$ cat model.pdb   # PDB, C-alpha atoms
ATOM      1  CA  MET A   7       3.570  75.354  42.669  1.00  0.00           C
ATOM      2  CA  ASP A   8       6.913  76.058  41.017  1.00  0.00           C
ATOM      3  CA  GLU A   9       6.304  74.780  37.499  1.00  0.00           C
ATOM      4  CA  VAL A  10       3.423  73.555  35.381  1.00  0.00           C
ATOM      5  CA  ILE A  11       3.204  71.414  32.268  1.00  0.00           C
ATOM      6  CA  LEU A  12       0.117  72.132  30.180  1.00  0.00           C
ATOM      7  CA  ALA A  13      -1.077  69.515  27.691  1.00  0.00           C
ATOM      8  CA  ARG A  14      -4.187  69.149  25.586  1.00  0.00           C
ATOM      9  CA  HIS A  15      -5.889  65.757  25.433  1.00  0.00           C
ATOM     10  CA  GLY A  16      -5.162  63.413  22.539  1.00  0.00           C
ATOM     11  CA  GLU A  17      -7.276  63.175  19.419  1.00  0.00           C
ATOM     12  CA  SER A  18     -10.823  62.162  20.363  1.00  0.00           C
ATOM     13  CA  GLU A  19     -13.720  60.469  18.588  1.00  0.00           C
ATOM     14  CA  LEU A  20     -15.551  63.788  18.309  1.00  0.00           C
ATOM     15  CA  SER A  21     -12.667  66.154  17.619  1.00  0.00           C
ATOM     16  CA  ILE A  22     -11.569  64.096  14.622  1.00  0.00           C
ATOM     17  CA  VAL A  23     -14.943  64.768  12.953  1.00  0.00           C
ATOM     18  CA  GLY A  24     -15.105  68.422  14.038  1.00  0.00           C
ATOM     19  CA  THR A  25     -17.965  68.030  16.518  1.00  0.00           C
ATOM     20  CA  VAL A  26     -18.085  70.170  19.672  1.00  0.00           C
ATOM     21  CA  ASN A  27     -18.659  68.612  23.077  1.00  0.00           C
ATOM     22  CA  GLY A  28     -18.936  70.749  26.187  1.00  0.00           C
ATOM     23  CA  ASP A  29     -20.931  68.281  28.283  1.00  0.00           C
ATOM     24  CA  PRO A  30     -18.732  65.924  30.348  1.00  0.00           C
ATOM     25  CA  ALA A  31     -21.635  63.451  30.605  1.00  0.00           C
ATOM     26  CA  VAL A  32     -21.343  62.756  26.856  1.00  0.00           C
ATOM     27  CA  ALA A  33     -19.070  59.789  26.146  1.00  0.00           C
ATOM     28  CA  CYS A  34     -16.087  60.730  24.023  1.00  0.00           C
ATOM     29  CA  ALA A  35     -13.009  58.535  24.181  1.00  0.00           C
ATOM     30  CA  LEU A  36      -9.682  58.901  22.436  1.00  0.00           C
ATOM     31  CA  THR A  37      -9.131  57.456  18.995  1.00  0.00           C
ATOM     32  CA  ALA A  38      -6.334  54.925  18.469  1.00  0.00           C
ATOM     33  CA  ILE A  39      -4.165  57.816  17.281  1.00  0.00           C
ATOM     34  CA  GLY A  40      -5.159  59.806  20.372  1.00  0.00           C
ATOM     35  CA  GLU A  41      -4.038  56.934  22.580  1.00  0.00           C
ATOM     36  CA  GLN A  42      -0.667  56.894  20.801  1.00  0.00           C
ATOM     37  CA  GLN A  43      -0.370  60.657  21.306  1.00  0.00           C
ATOM     38  CA  ALA A  44      -1.099  60.269  25.019  1.00  0.00           C
ATOM     39  CA  ARG A  45       1.557  57.573  25.383  1.00  0.00           C
ATOM     40  CA  ARG A  46       4.031  59.762  23.497  1.00  0.00           C
ATOM     41  CA  LEU A  47       3.251  62.575  25.938  1.00  0.00           C
ATOM     42  CA  GLY A  48       4.143  60.180  28.729  1.00  0.00           C
ATOM     43  CA  GLU A  49       7.475  59.430  27.050  1.00  0.00           C
ATOM     44  CA  ARG A  50       8.242  63.144  26.649  1.00  0.00           C
ATOM     45  CA  ILE A  51       7.623  63.899  30.324  1.00  0.00           C
ATOM     46  CA  GLY A  52       8.878  60.566  31.633  1.00  0.00           C
ATOM     47  CA  ASP A  53      12.107  61.991  33.035  1.00  0.00           C
ATOM     48  CA  VAL A  54      10.254  64.637  35.065  1.00  0.00           C
ATOM     49  CA  GLU A  55       9.046  64.077  38.609  1.00  0.00           C
ATOM     50  CA  ILE A  56       5.407  65.146  38.521  1.00  0.00           C
ATOM     51  CA  ASP A  57       3.850  65.777  41.911  1.00  0.00           C
ATOM     52  CA  LEU A  58       0.213  66.262  40.888  1.00  0.00           C
ATOM     53  CA  CYS A  59      -1.914  65.799  37.777  1.00  0.00           C
ATOM     54  CA  VAL A  60      -4.890  68.107  37.288  1.00  0.00           C
ATOM     55  CA  THR A  61      -7.588  67.345  34.732  1.00  0.00           C
ATOM     56  CA  SER A  62     -11.032  68.459  33.663  1.00  0.00           C
ATOM     57  CA  GLU A  63     -14.014  66.132  34.078  1.00  0.00           C
ATOM     58  CA  PHE A  64     -14.021  64.925  30.470  1.00  0.00           C
ATOM     59  CA  GLU A  65     -13.359  61.303  29.493  1.00  0.00           C
ATOM     60  CA  ARG A  66     -10.897  62.211  26.724  1.00  0.00           C
ATOM     61  CA  VAL A  67      -8.845  64.291  29.147  1.00  0.00           C
ATOM     62  CA  ARG A  68      -8.786  61.732  31.963  1.00  0.00           C
ATOM     63  CA  GLN A  69      -7.914  58.979  29.480  1.00  0.00           C
ATOM     64  CA  THR A  70      -4.996  61.043  28.162  1.00  0.00           C
ATOM     65  CA  ALA A  71      -3.702  61.543  31.700  1.00  0.00           C
ATOM     66  CA  ASP A  72      -4.107  57.831  32.489  1.00  0.00           C
ATOM     67  CA  LEU A  73      -2.089  56.779  29.446  1.00  0.00           C
ATOM     68  CA  ALA A  74       0.574  59.454  29.872  1.00  0.00           C
ATOM     69  CA  LEU A  75       1.108  58.550  33.525  1.00  0.00           C
ATOM     70  CA  ALA A  76       0.672  54.792  33.190  1.00  0.00           C
ATOM     71  CA  GLY A  77       2.726  52.939  35.784  1.00  0.00           C
ATOM     72  CA  SER A  78       3.163  55.947  38.062  1.00  0.00           C
ATOM     73  CA  GLU A  79       1.374  56.857  41.272  1.00  0.00           C
ATOM     74  CA  VAL A  80       0.810  60.562  40.630  1.00  0.00           C
ATOM     75  CA  PRO A  81      -2.066  62.017  42.694  1.00  0.00           C
ATOM     76  CA  ARG A  82      -4.995  63.414  40.698  1.00  0.00           C
ATOM     77  CA  LEU A  83      -7.180  66.469  41.075  1.00  0.00           C
ATOM     78  CA  VAL A  84     -10.250  67.072  38.890  1.00  0.00           C
ATOM     79  CA  LEU A  85     -11.181  70.728  38.391  1.00  0.00           C
ATOM     80  CA  PRO A  86     -14.531  71.302  36.649  1.00  0.00           C
ATOM     81  CA  GLU A  87     -13.391  74.882  36.043  1.00  0.00           C
ATOM     82  CA  LEU A  88     -11.042  73.452  33.397  1.00  0.00           C
ATOM     83  CA  ASN A  89     -13.923  71.902  31.447  1.00  0.00           C
ATOM     84  CA  ASP A  90     -14.431  72.737  27.799  1.00  0.00           C
ATOM     85  CA  VAL A  91     -16.795  75.526  26.745  1.00  0.00           C
ATOM     86  CA  ARG A  92     -20.483  74.919  27.479  1.00  0.00           C
ATOM     87  CA  PHE A  93     -21.768  75.132  23.917  1.00  0.00           C
ATOM     88  CA  GLY A  94     -25.512  75.252  24.613  1.00  0.00           C
ATOM     89  CA  SER A  95     -27.548  74.505  21.495  1.00  0.00           C
ATOM     90  CA  PHE A  96     -24.313  74.047  19.528  1.00  0.00           C
ATOM     91  CA  GLU A  97     -23.574  70.860  21.522  1.00  0.00           C
ATOM     92  CA  GLY A  98     -23.044  68.051  19.019  1.00  0.00           C
ATOM     93  CA  ASP A  99     -22.847  70.444  16.070  1.00  0.00           C
ATOM     94  CA  THR A 100     -19.741  71.341  14.109  1.00  0.00           C
ATOM     95  CA  LEU A 101     -16.923  73.431  15.493  1.00  0.00           C
ATOM     96  CA  ALA A 102     -17.201  75.580  12.365  1.00  0.00           C
ATOM     97  CA  ASP A 103     -20.795  76.523  13.248  1.00  0.00           C
ATOM     98  CA  TYR A 104     -19.853  77.476  16.799  1.00  0.00           C
ATOM     99  CA  ARG A 105     -16.822  79.474  15.689  1.00  0.00           C
ATOM    100  CA  GLU A 106     -18.989  81.385  13.214  1.00  0.00           C
ATOM    101  CA  TRP A 107     -21.416  82.271  16.004  1.00  0.00           C
ATOM    102  CA  ALA A 108     -18.607  83.262  18.396  1.00  0.00           C
ATOM    103  CA  ALA A 109     -17.019  85.565  15.822  1.00  0.00           C
ATOM    104  CA  ALA A 110     -20.359  87.307  15.194  1.00  0.00           C
ATOM    105  CA  ASN A 111     -21.123  88.019  18.867  1.00  0.00           C
ATOM    106  CA  GLU A 112     -19.548  90.021  21.671  1.00  0.00           C
ATOM    107  CA  PRO A 113     -17.631  87.970  24.263  1.00  0.00           C
ATOM    108  CA  THR A 114     -20.265  88.635  26.941  1.00  0.00           C
ATOM    109  CA  VAL A 115     -23.089  87.029  24.924  1.00  0.00           C
ATOM    110  CA  GLU A 116     -24.032  83.569  26.165  1.00  0.00           C
ATOM    111  CA  ALA A 117     -24.364  80.791  23.613  1.00  0.00           C
ATOM    112  CA  PRO A 118     -28.053  80.059  22.981  1.00  0.00           C
ATOM    113  CA  GLY A 119     -29.661  77.108  24.683  1.00  0.00           C
ATOM    114  CA  GLY A 120     -27.983  77.478  28.050  1.00  0.00           C
ATOM    115  CA  GLY A 121     -24.401  77.844  26.871  1.00  0.00           C
ATOM    116  CA  GLU A 122     -21.840  80.201  28.328  1.00  0.00           C
ATOM    117  CA  SER A 123     -20.197  83.350  27.073  1.00  0.00           C
ATOM    118  CA  ARG A 124     -16.562  83.370  26.073  1.00  0.00           C
ATOM    119  CA  SER A 125     -15.819  85.972  28.745  1.00  0.00           C
ATOM    120  CA  GLY A 126     -17.451  83.661  31.290  1.00  0.00           C
ATOM    121  CA  THR A 127     -15.305  80.824  30.011  1.00  0.00           C
ATOM    122  CA  VAL A 128     -12.147  82.882  30.436  1.00  0.00           C
ATOM    123  CA  ALA A 129     -13.161  83.870  33.980  1.00  0.00           C
ATOM    124  CA  ARG A 130     -13.741  80.198  34.785  1.00  0.00           C
ATOM    125  CA  TYR A 131     -10.304  79.259  33.466  1.00  0.00           C
ATOM    126  CA  VAL A 132      -8.756  82.032  35.557  1.00  0.00           C
ATOM    127  CA  CYS A 133     -10.341  80.499  38.668  1.00  0.00           C
ATOM    128  CA  ALA A 134      -8.916  77.089  37.754  1.00  0.00           C
ATOM    129  CA  TYR A 135      -5.431  78.424  37.196  1.00  0.00           C
ATOM    130  CA  ARG A 136      -5.557  80.405  40.446  1.00  0.00           C
ATOM    131  CA  ARG A 137      -6.325  77.185  42.308  1.00  0.00           C
ATOM    132  CA  ILE A 138      -3.432  75.454  40.557  1.00  0.00           C
ATOM    133  CA  LEU A 139      -1.034  78.282  41.375  1.00  0.00           C
ATOM    134  CA  GLU A 140      -1.950  77.914  45.053  1.00  0.00           C
ATOM    135  CA  ARG A 141      -1.085  74.213  45.141  1.00  0.00           C
ATOM    136  CA  PRO A 142       1.834  73.166  47.387  1.00  0.00           C
ATOM    137  CA  GLU A 143       3.171  70.616  44.868  1.00  0.00           C
ATOM    138  CA  ALA A 144       6.325  71.704  43.026  1.00  0.00           C
ATOM    139  CA  LEU A 145       5.539  70.408  39.510  1.00  0.00           C
ATOM    140  CA  VAL A 146       1.969  70.061  38.289  1.00  0.00           C
ATOM    141  CA  LEU A 147       0.827  68.416  35.068  1.00  0.00           C
ATOM    142  CA  VAL A 148      -2.405  69.937  33.748  1.00  0.00           C
ATOM    143  CA  VAL A 149      -4.191  67.887  31.098  1.00  0.00           C
ATOM    144  CA  THR A 150      -7.123  69.821  29.717  1.00  0.00           C
ATOM    145  CA  HIS A 151      -8.628  71.217  26.526  1.00  0.00           C
ATOM    146  CA  GLY A 152      -7.129  73.365  23.806  1.00  0.00           C
ATOM    147  CA  LEU A 153      -8.806  76.673  24.658  1.00  0.00           C
ATOM    148  CA  PRO A 154      -7.527  77.175  28.242  1.00  0.00           C
ATOM    149  CA  ILE A 155      -4.023  76.369  27.027  1.00  0.00           C
ATOM    150  CA  ARG A 156      -4.215  78.613  23.963  1.00  0.00           C
ATOM    151  CA  TYR A 157      -5.432  81.547  26.048  1.00  0.00           C
ATOM    152  CA  VAL A 158      -2.442  81.173  28.382  1.00  0.00           C
ATOM    153  CA  LEU A 159       0.076  80.829  25.549  1.00  0.00           C
ATOM    154  CA  ASN A 160      -1.389  83.860  23.781  1.00  0.00           C
ATOM    155  CA  ALA A 161      -1.414  85.905  26.991  1.00  0.00           C
ATOM    156  CA  LEU A 162       2.320  85.246  27.355  1.00  0.00           C
ATOM    157  CA  GLU A 163       2.669  86.986  24.001  1.00  0.00           C
ATOM    158  CA  TYR A 164       0.426  89.830  25.253  1.00  0.00           C
ATOM    159  CA  THR A 165      -2.426  88.758  22.992  1.00  0.00           C
ATOM    160  CA  ASP A 166      -5.958  89.065  24.370  1.00  0.00           C
ATOM    161  CA  PRO A 167      -8.548  86.307  23.962  1.00  0.00           C
ATOM    162  CA  ALA A 168     -10.202  86.269  20.564  1.00  0.00           C
ATOM    163  CA  PRO A 169     -13.268  84.482  19.191  1.00  0.00           C
ATOM    164  CA  LEU A 170     -11.096  82.489  16.792  1.00  0.00           C
ATOM    165  CA  VAL A 171      -7.745  81.182  17.982  1.00  0.00           C
ATOM    166  CA  GLU A 172      -5.147  78.788  16.687  1.00  0.00           C
ATOM    167  CA  GLN A 173      -5.695  75.186  17.744  1.00  0.00           C
ATOM    168  CA  VAL A 174      -3.294  73.628  20.239  1.00  0.00           C
ATOM    169  CA  ALA A 175      -1.587  70.432  19.104  1.00  0.00           C
ATOM    170  CA  TYR A 176      -2.826  67.218  20.674  1.00  0.00           C
ATOM    171  CA  ALA A 177      -0.889  65.986  23.731  1.00  0.00           C
ATOM    172  CA  GLU A 178       1.932  68.503  23.263  1.00  0.00           C
ATOM    173  CA  PRO A 179       3.587  69.549  26.566  1.00  0.00           C
ATOM    174  CA  PHE A 180       4.136  73.223  27.359  1.00  0.00           C
ATOM    175  CA  ARG A 181       6.287  73.801  30.444  1.00  0.00           C
ATOM    176  CA  LEU A 182       5.926  77.116  32.287  1.00  0.00           C
ATOM    177  CA  THR A 183       7.223  78.561  35.507  1.00  0.00           C
ATOM    178  CA  ALA A 184       4.804  79.683  38.191  1.00  0.00           C
ATOM    179  CA  GLY A 185       5.776  83.259  37.366  1.00  0.00           C
ATOM    180  CA  GLU A 186       4.886  82.814  33.703  1.00  0.00           C
ATOM    181  CA  LEU A 187       1.535  81.252  34.524  1.00  0.00           C
ATOM    182  CA  GLU A 188       0.818  83.990  37.052  1.00  0.00           C
ATOM    183  CA  GLU A 189       1.582  86.659  34.462  1.00  0.00           C
ATOM    184  CA  ALA A 190      -0.684  85.041  31.877  1.00  0.00           C
ATOM    185  CA  VAL A 191      -3.524  84.537  34.346  1.00  0.00           C
ATOM    186  CA  THR A 192      -3.303  88.137  35.534  1.00  0.00           C
ATOM    187  CA  LEU A 193      -3.644  89.354  31.945  1.00  0.00           C
ATOM    188  CA  LEU A 194      -6.610  87.029  31.345  1.00  0.00           C
ATOM    189  CA  GLU A 195      -8.215  88.177  34.582  1.00  0.00           C
ATOM    190  CA  ARG A 196      -7.850  91.784  33.514  1.00  0.00           C
ATOM    191  CA  TRP A 197      -9.418  91.044  30.129  1.00  0.00           C
ATOM    192  CA  ALA A 198     -12.324  89.129  31.695  1.00  0.00           C
ATOM    193  CA  ALA A 199     -13.143  92.161  33.871  1.00  0.00           C
ATOM    194  CA  THR A 200     -13.709  94.321  30.758  1.00  0.00           C
ATOM    195  CA  PRO A 201     -13.991  91.845  27.873  1.00  0.00           C
ATOM    196  CA  LEU A 202     -13.743  93.106  24.336  1.00  0.00           C
ATOM    197  CA  TRP A 203     -12.801  91.464  21.064  1.00  0.00           C
ATOM    198  CA  ARG A 204     -10.025  93.418  19.354  1.00  0.00           C
TER
END

$ encode --input "model.pdb" --output "structure tokens"
Amino acid sequence: MDEVILARHGESELSIVGTVNGDPAVACALTAIGEQQARRLGERIGDVEIDLCVTSEFERVRQTADLALAGSEVPRLVLPELNDVRFGSFEGDTLADYREWAAANEPTVEAPGGGESRSGTVARYVCAYRRILERPEALVLVVTHGLPIRYVLNALEYTDPAPLVEQVAYAEPFRLTAGELEEAVTLLERWAATPLWR
């Protein structure tokens, strides 16, 4: 891989009402606005030759990729490691409730009800990005969720993961070199080995 374009999915039926969904089996399509955002993403990257599109397992993510790449024959790869946070008992609740819990607990604490820790989530994202970095394709489009993108963008500014982070805009492309992604992933990997909120 030489370059990567990272993009969050478009606005979804659950994100618009502030509900968390970390279970890919739960149906959650894009809203009409989300579909427009996905098509606009396609227009913004339309002059770029994409060799591979990587997505998570979630409907809203795959739908965004389908709309953005409509009419093209770009190969796909689904990486479960890019899935959204497993929220446990917070599944279906508000994002505000989950964020309050995350801010009150250390990053190694797993969300109640079978959820995952934030440090575990970061480690999972590191694995996904390592697999992407190893790909032979020159330019890879990664359509995923806001958190794995935000962690990479923050790492490029030498900012460690935090329980509360700025949201990533829907269907906004962020183009990075392999070297930039490698640098960010290395920093995230280092943090995940000794996780601590600062």

$ residues_around --input "model.pdb" --residues "Gly126 of chain A" --least-positions-apart "3" --cutoff "12 Å" --atoms "all atoms listed in the file" --output "number ranges by chain"
A: 87, 90-92, 112-117, 121-123, 129-133, 167, 194-195, 197-201

$ axis_aligned_box --input "model.pdb" --around "segment 21-28 of chain A" --padding-each-side "8 Å" --output "JSON"
{"center_x": -15.3, "center_y": 67.4, "center_z": 19.6, "size_x": 23.4, "size_y": 22.7, "size_z": 29.2}

$ resolve_selection --input "model.pdb" --expression "the PyMOL selection byres ((chain A and resi 55) around 10)" --output "MDAnalysis selection string"
chainID A and resid 51:54 56:58 80 144:147

$ atom_distance --input "model.pdb" --atom1 "atom CA of Asp8 of chain A" --atom2 "atom CA of His151 of chain A"
21.8 Å

$ closest_residue --input "model.pdb" --among "A:Pro81, A:Pro142, A:Pro118, A:Gly16" --to "Glu41 of chain A" --atoms "only C-alpha atoms"
A:Gly16

$ closest_residue --input "model.pdb" --among "A:Leu12, A:Leu88, A:Leu193, A:Ile155" --to "Gln173 of chain A" --atoms "only C-alpha atoms"
A:Ile155

$ resolve_selection --input "model.pdb" --expression "the PyMOL selection byres ((chain A and resi 148) around 8)" --output "number ranges by chain"
A: 10-13, 59-61, 146-147, 149-150

$ closest_residue --input "model.pdb" --among "A:Arg136, A:Arg124, A:Arg66, A:His15" --to "Ala33 of chain A" --atoms "only C-alpha atoms"
A:Arg66

$ decode --input "model.pdb" --residues "segment 110-123 of chain A" --atoms "N, CA, C and O atoms" --output "mmCIF file, in the first residue's frame"
data_model
loop_
_atom_site.group_PDB
_atom_site.id
_atom_site.type_symbol
_atom_site.label_atom_id
_atom_site.label_comp_id
_atom_site.auth_asym_id
_atom_site.auth_seq_id
_atom_site.Cartn_x
_atom_site.Cartn_y
_atom_site.Cartn_z
ATOM 1 N N ALA A 110 -15.653 7.842 32.789
ATOM 2 C CA ALA A 110 -15.565 7.549 34.220
ATOM 3 C C ALA A 110 -14.759 6.289 34.515
ATOM 4 O O ALA A 110 -14.548 5.947 35.677
ATOM 5 N N ASN A 111 -14.301 5.591 33.466
ATOM 6 C CA ASN A 111 -13.600 4.323 33.660
ATOM 7 C C ASN A 111 -12.254 4.318 32.940
ATOM 8 O O ASN A 111 -12.076 5.001 31.935
ATOM 9 N N GLU A 112 -11.330 3.528 33.477
ATOM 10 C CA GLU A 112 -10.022 3.384 32.841
ATOM 11 C C GLU A 112 -10.182 2.695 31.488
ATOM 12 O O GLU A 112 -11.141 1.948 31.266
ATOM 13 N N PRO A 113 -9.241 2.900 30.567
ATOM 14 C CA PRO A 113 -9.396 2.351 29.217
ATOM 15 C C PRO A 113 -9.366 0.825 29.150
ATOM 16 O O PRO A 113 -9.784 0.244 28.152
ATOM 17 N N THR A 114 -8.879 0.176 30.207
ATOM 18 C CA THR A 114 -8.813 -1.287 30.208
ATOM 19 C C THR A 114 -10.101 -1.941 30.711
ATOM 20 O O THR A 114 -10.236 -3.164 30.641
ATOM 21 N N VAL A 115 -11.044 -1.144 31.207
ATOM 22 C CA VAL A 115 -12.290 -1.690 31.749
ATOM 23 C C VAL A 115 -13.250 -2.007 30.602
ATOM 24 O O VAL A 115 -13.527 -1.155 29.756
ATOM 25 N N GLU A 116 -13.745 -3.243 30.584
ATOM 26 C CA GLU A 116 -14.685 -3.640 29.544
ATOM 27 C C GLU A 116 -16.074 -3.093 29.834
ATOM 28 O O GLU A 116 -16.502 -3.039 30.989
ATOM 29 N N ALA A 117 -16.770 -2.683 28.797
ATOM 30 C CA ALA A 117 -18.142 -2.205 28.965
ATOM 31 C C ALA A 117 -18.999 -3.343 29.513
ATOM 32 O O ALA A 117 -18.847 -4.495 29.095
ATOM 33 N N PRO A 118 -19.871 -3.056 30.460
ATOM 34 C CA PRO A 118 -20.694 -4.116 31.057
ATOM 35 C C PRO A 118 -21.573 -4.806 30.017
ATOM 36 O O PRO A 118 -21.895 -4.223 28.983
ATOM 37 N N GLY A 119 -21.915 -6.044 30.315
ATOM 38 C CA GLY A 119 -22.795 -6.778 29.417
ATOM 39 C C GLY A 119 -22.110 -7.346 28.194
ATOM 40 O O GLY A 119 -22.725 -7.500 27.139
ATOM 41 N N GLY A 120 -20.816 -7.653 28.333
ATOM 42 C CA GLY A 120 -20.105 -8.276 27.222
ATOM 43 C C GLY A 120 -19.501 -7.316 26.227
ATOM 44 O O GLY A 120 -19.113 -7.735 25.119
ATOM 45 N N GLY A 121 -19.387 -6.051 26.586
ATOM 46 C CA GLY A 121 -18.756 -5.080 25.701
ATOM 47 C C GLY A 121 -17.246 -5.174 25.765
ATOM 48 O O GLY A 121 -16.685 -6.026 26.464
ATOM 49 N N GLU A 122 -16.575 -4.304 25.042
ATOM 50 C CA GLU A 122 -15.117 -4.322 25.052
ATOM 51 C C GLU A 122 -14.565 -3.049 25.661
ATOM 52 O O GLU A 122 -15.251 -2.032 25.752
ATOM 53 N N SER A 123 -13.317 -3.127 26.070
ATOM 54 C CA SER A 123 -12.636 -1.959 26.619
ATOM 55 C C SER A 123 -12.187 -1.061 25.483
ATOM 56 O O SER A 123 -12.040 -1.499 24.337
#
